[in-house]
Amino acid sequence: MMESLKSKANALKRLLPALALALKHPNTPWHAKILAGATVIYALSPIDLIPDFIPVLGYLDDLIILPLLAGLAIKFIPKEVLDECQIASEHLWDNGKPKHWTYSIPIVIIWVMIIAVIILAIR
């Protein structure tokens, strides 16, 4: 069972760069772009719905939410677009992480918004 989970996790890591490229593809429908964007942002974000330090439950969101988002995005992306993006993305990321710093911009924006809300709540 652990080998099956590991293989599925590795397949998901290979799929994330393709979803990132599908965001920019002109033939990707807008609703698929929203789902693909949510998947990539959630995968790269250090913010989880359930923190990883909570035993067992901490990893459940990564095992359930991320594959669910990816599966929904794949369902709405045309097959030829996804195939093209998978071929183009083979060398886009290293070890499941983007080579380009620009992919961190949405995560930084989320953290700035969270910090701003906390500061406003404290005042």
# chains A, B, ... in the order shown; residues from 1 in each chain; ligands from 1
$ select_by_dssp --residues "chain A" --states "helix (DSSP H, G or I)" --output "ChimeraX atom specification"
/A:2-24,30-44,57-76,79-88,101-122
$ closest_residue --among "A:Leu35, A:Leu63, A:Ala22, A:Leu16" --to "Asp83 in chain A" --atoms "only C-alpha atoms"
A:Ala22
$ atom_distance --atom1 "CA of Ile87 in chain A" --atom2 "CA of Ile65 in chain A"
25.2 Å
$ residues_around --residues "Lys33 in chain A" --least-positions-apart "4" --cutoff "8 Å" --atoms "only C-alpha atoms" --output "list in words"
Ala22, Leu23, Thr28, Pro29, Gly37 and Ala73 of chain A
$ atom_distance --atom1 "CA of Ile34 in chain A" --atom2 "CA of Ala20 in chain A"
10.9 Å
$ atom_distance --atom1 "CA of Ala116 in chain A" --atom2 "CA of Ile54 in chain A"
26.1 Å
